[in-house]
Amino acid sequence: MKKLWKNCHIATMQNGQYSSIEHAAMVTSGQHIHWIGTFEDLPADAYSETIDLNGAWVTPGLIDCHTHSVFGGNRSVEFEKRLQGVSYAEIAASGGGIASTVRATREASEQELLASALKRVRCLLKDGVTTIEIKSGYGLDYANERKMLRVIRQIADTLPMTVRSTCLAAHALPPEYKDQSDAYIEHICNEMLPKLHQEGLVDAVDAFCEYLAFSPAQVERLFKTAQSLNLPIKLHAEQLSALGGSSLAARYQALSADHLEFMTEDDVKAMAAAGTVAVLLPGAFYFLRETKYPPLQSLQQHGVRIALSSDLNPGTSPALSLRLMMNMGSTLFRLTPEQTLAGVTTHAAHALGLQETHGTLETGKVADFIAWEIEHPSEIVYWLGGDLPKRIIQHGNEISI
């Protein structure tokens, strides 16, 4: 059965641009886009339903391609410490940081983790996010990583969203492996990841390549295991120091390398050659009051796709609005609203390996889109927070939050 969506303007976001269609219409068939174009060119056909969008601007559903939405507790006390001058590294060294969230996550039941995560993810859905990636990484042993990944799958079953699950077991060193980082990586590679993959809980593999986490050599060991399991890879790289993690990710054809404040020109060239997406995380940059900017000009010069994401996590980006992150992408990183919108649609789809089905509005793609009551797409980025009036359509059906 075909639905006709009419009386709208459409920003298709093809080629990373608005690629606008004025006086537009769209026909959906089931979960997919059947036809899209100007109303004048609409083919004669029978429609089961006609929906008047009242002059709205239609964009692809937003894609939040880097989140840590499942966790126990929160770290508001650490937020206060950082405001008093304590660094992220100092907090981590004293047992705070990721380690404190690991303790809270291990103590929480699967049901408790699901309930708390749903509250956060619903905020993103209400903001226009129809596709989200969620990482594990606060369990750091088989049972608790499995618990987190199971919760991620349950979120997909509960909410009208596309949810991708990423195993980030190499996020930090668990207390059981103190001073044994090589042994922990081997445990992930030989025991944890194969089991979790066999259970169908993993869509991609990630790691934290940093001086306070895991070395490039250790990450490469993990990448080789992921490749042997035919799992795509992603990487937290160059957030706090220049270790060449983004170049390593590019060598292994990673979907994305994320953060990237300290990446070099050689890293940029390597990512450009590999087609690896640069995922920038302005929420963490803002929350940590960083001063080292990602090399935006170099990334753009070399044609690297630039995605943006909320990095929703309890320690460095407790962000419940992707639109606010979009505004930060423009105000902090000087991206235009058009580039920013591309960063949470077409480029974010590439960062998840979903570019064939998501991220732009084209015939044959999944019918995930937002009808915004605005006068121009730049307003999505312009307004600071709040709930912009909108209609959210996921898989061809309008949803209510």
# chains A, B, ... in the order shown; residues from 1 in each chain; ligands from 1
call {"tool": "residues_around", "arguments": {"residues": "Pro337 in chain A", "least_positions_apart": "4", "cutoff": "8 Å", "atoms": "only C-alpha atoms", "output": "ChimeraX atom specification"}}
result
/A:326-327,330,341,377-378,381-382
call {"tool": "closest_atom_pairs", "arguments": {"of": "range 68-175 of chain A", "to": "range 307-310 of chain A", "cutoff": "12 Å", "atoms": "only C-alpha atoms", "output": "Markdown table"}}
result
| residue | atom | partner | partner_atom | distance |
| --- | --- | --- | --- | --- |
| A:His68 | CA | A:Ser310 | CA | 9.3 |
| A:Ser69 | CA | A:Ser310 | CA | 9.9 |
| A:Arg120 | CA | A:Ser310 | CA | 11.7 |
| A:Val121 | CA | A:Ser310 | CA | 11.3 |
| A:Cys123 | CA | A:Ser310 | CA | 11.8 |
| A:Leu124 | CA | A:Ser310 | CA | 9.3 |
| A:Asp127 | CA | A:Ser310 | CA | 11.7 |
| A:Val129 | CA | A:Ser309 | CA | 10.7 |
| A:Thr131 | CA | A:Ser309 | CA | 11.5 |
| A:Ile132 | CA | A:Ser309 | CA | 9.5 |
| A:Glu133 | CA | A:Ser309 | CA | 9.7 |
| A:Ile134 | CA | A:Ser310 | CA | 11.0 |
call {"tool": "closest_residue", "arguments": {"among": "A:Thr130, A:Gln297, A:Asn144, A:Ser181", "to": "Arg164 in chain A", "atoms": "only C-alpha atoms"}}
result
A:Thr130
call {"tool": "closest_residue", "arguments": {"among": "A:Ile380, A:Glu238, A:Ile393, A:Thr162", "to": "Cys65 in chain A", "atoms": "only C-alpha atoms"}}
result
A:Thr162
call {"tool": "residues_around", "arguments": {"residues": "Thr363 in chain A", "least_positions_apart": "3", "cutoff": "9 Å", "atoms": "only C-alpha atoms", "output": "VMD selection string"}}
result
chain A and resid 28 32 to 36 366
call {"tool": "write_last_selection", "arguments": {"atoms": "C-alpha atoms", "output": "JSON list (two decimals), in the first residue's frame"}}
result
[["chain", "number", "residue", "atom", "x", "y", "z"],
["A", 28, "THR", "CA", 6.29, 5.51, 0.42],
["A", 32, "HIS", "CA", 10.71, 2.31, 1.79],
["A", 33, "ILE", "CA", 10.59, 5.36, -0.42],
["A", 34, "HIS", "CA", 8.86, 4.51, -3.67],
["A", 35, "TRP", "CA", 9.10, 7.89, -5.41],
["A", 36, "ILE", "CA", 10.29, 11.41, -4.63],
["A", 366, "VAL", "CA", 14.28, 3.34, 4.11]]
call {"tool": "closest_residue", "arguments": {"among": "A:Asp64, A:Asp45, A:Glu220, A:Glu40", "to": "Leu4 in chain A", "atoms": "only C-alpha atoms"}}
result
A:Asp45
call {"tool": "residues_around", "arguments": {"residues": "Met13 in chain A", "least_positions_apart": "4", "cutoff": "8 Å", "atoms": "only C-alpha atoms", "output": "list in words"}}
result
Gln17, Tyr18, Ser19, Ser20, Thr59, Pro60, Ala342, Thr345, Thr346, Gly359, Thr360 and Leu361 of chain A
call {"tool": "residues_around", "arguments": {"residues": "Leu212 in chain A", "least_positions_apart": "6", "cutoff": "10 Å", "atoms": "only C-alpha atoms", "output": "MDAnalysis selection string"}}
result
chainID A and resid 89 92:93 172:173 240:241
call {"tool": "write_last_selection", "arguments": {"atoms": "N, CA and C atoms", "output": "compact mmCIF listing (two decimals), in the first residue's frame"}}
result
# COMPACT_ATOMS: atom_id res chain seq x y z
N ALA A 89 42.29 13.10 33.21
CA ALA A 89 43.29 12.06 33.48
C ALA A 89 43.48 11.86 34.97
N ALA A 92 40.53 9.92 36.36
CA ALA A 92 40.64 8.50 35.99
C ALA A 92 41.67 7.79 36.85
N ALA A 93 42.81 8.45 37.11
CA ALA A 93 43.88 7.83 37.90
C ALA A 93 43.47 7.59 39.34
N ALA A 172 38.51 0.40 28.63
CA ALA A 172 39.39 0.69 29.76
C ALA A 172 39.86 -0.65 30.33
N LEU A 173 40.85 -0.59 31.19
CA LEU A 173 41.37 -1.81 31.80
C LEU A 173 40.54 -2.12 33.04
N LEU A 240 43.12 12.72 23.20
CA LEU A 240 43.96 13.37 24.20
C LEU A 240 45.43 13.45 23.79
N SER A 241 45.83 12.69 22.78
CA SER A 241 47.22 12.70 22.34
C SER A 241 47.29 12.13 20.93
call {"tool": "residues_around", "arguments": {"residues": "Leu299 in chain A", "least_positions_apart": "4", "cutoff": "12 Å", "atoms": "only C-alpha atoms", "output": "JSON, numbers by chain"}}
result
{"A": [260, 261, 263, 264, 265, 266, 267, 268, 269, 270, 271, 272, 273, 275, 276, 277, 278, 279, 280, 293, 294, 295, 303, 304, 305, 306, 307, 333, 335]}
call {"tool": "atom_distance", "arguments": {"atom1": "CA of Gly200 in chain A", "atom2": "CA of Ala170 in chain A"}}
result
18.7 Å
call {"tool": "closest_residue", "arguments": {"among": "A:Phe223, A:Phe214, A:Tyr138, A:Phe369", "to": "Ala237 in chain A", "atoms": "only C-alpha atoms"}}
result
A:Phe214
call {"tool": "closest_residue", "arguments": {"among": "A:Glu210, A:Glu379, A:Glu362, A:Glu186", "to": "Thr336 in chain A", "atoms": "only C-alpha atoms"}}
result
A:Glu379
call {"tool": "atom_distance", "arguments": {"atom1": "CA of Leu159 in chain A", "atom2": "CA of Ile399 in chain A"}}
result
10.0 Å
call {"tool": "closest_residue", "arguments": {"among": "A:Gln253, A:Thr316, A:Ser48, A:Thr166", "to": "Asp206 in chain A", "atoms": "only C-alpha atoms"}}
result
A:Thr166
call {"tool": "select_by_dssp", "arguments": {"residues": "range 79-252 of chain A", "states": "strand (DSSP E)", "output": "ChimeraX atom specification"}}
result
/A:129-135,162-170,204-209,234-237
call {"tool": "residues_around", "arguments": {"residues": "Ala254 in chain A", "least_positions_apart": "6", "cutoff": "7 Å", "atoms": "only C-alpha atoms", "output": "ChimeraX atom specification"}}
result
/A:232-234,276
call {"tool": "atom_distance", "arguments": {"atom1": "CA of Ile185 in chain A", "atom2": "CA of Gln218 in chain A"}}
result
6.7 Å
call {"tool": "closest_atom_pairs", "arguments": {"of": "range 145-186 of chain A", "to": "range 70-85 of chain A", "cutoff": "12 Å", "atoms": "only C-alpha atoms", "output": "JSON lines"}}
result
{"residue": "A:Glu145", "atom": "CA", "partner": "A:Val70", "partner_atom": "CA", "distance": 10.7}
{"residue": "A:Lys147", "atom": "CA", "partner": "A:Val70", "partner_atom": "CA", "distance": 10.1}
{"residue": "A:Met148", "atom": "CA", "partner": "A:Val70", "partner_atom": "CA", "distance": 6.7}
{"residue": "A:Leu149", "atom": "CA", "partner": "A:Val70", "partner_atom": "CA", "distance": 8.9}
{"residue": "A:Arg150", "atom": "CA", "partner": "A:Val70", "partner_atom": "CA", "distance": 10.4}
{"residue": "A:Val151", "atom": "CA", "partner": "A:Val70", "partner_atom": "CA", "distance": 7.6}
{"residue": "A:Ile152", "atom": "CA", "partner": "A:Val70", "partner_atom": "CA", "distance": 7.4}
{"residue": "A:Arg153", "atom": "CA", "partner": "A:Val70", "partner_atom": "CA", "distance": 11.1}
{"residue": "A:Gln154", "atom": "CA", "partner": "A:Val70", "partner_atom": "CA", "distance": 11.2}
{"residue": "A:Ile155", "atom": "CA", "partner": "A:Val70", "partner_atom": "CA", "distance": 9.7}
{"residue": "A:Ser165", "atom": "CA", "partner": "A:Val70", "partner_atom": "CA", "distance": 10.9}
{"residue": "A:Thr166", "atom": "CA", "partner": "A:Val70", "partner_atom": "CA", "distance": 11.6}
{"residue": "A:Leu168", "atom": "CA", "partner": "A:Val70", "partner_atom": "CA", "distance": 11.9}
call {"tool": "write_last_selection", "arguments": {"atoms": "C-alpha atoms", "output": "compact mmCIF listing (two decimals), in the first residue's frame"}}
result
# COMPACT_ATOMS: atom_id res chain seq x y z
CA GLU A 145 29.46 -6.72 28.41
CA LYS A 147 24.38 -7.66 29.76
CA MET A 148 24.94 -4.28 28.12
CA LEU A 149 24.73 -5.66 24.59
CA ARG A 150 21.52 -7.50 25.45
CA VAL A 151 20.06 -4.21 26.70
CA ILE A 152 21.03 -2.54 23.41
CA ARG A 153 19.14 -5.22 21.50
CA GLN A 154 16.14 -4.72 23.79
CA ILE A 155 16.17 -0.98 23.09
CA SER A 165 25.27 -2.38 18.64
CA THR A 166 29.02 -1.87 19.03
CA LEU A 168 33.64 -1.57 23.14
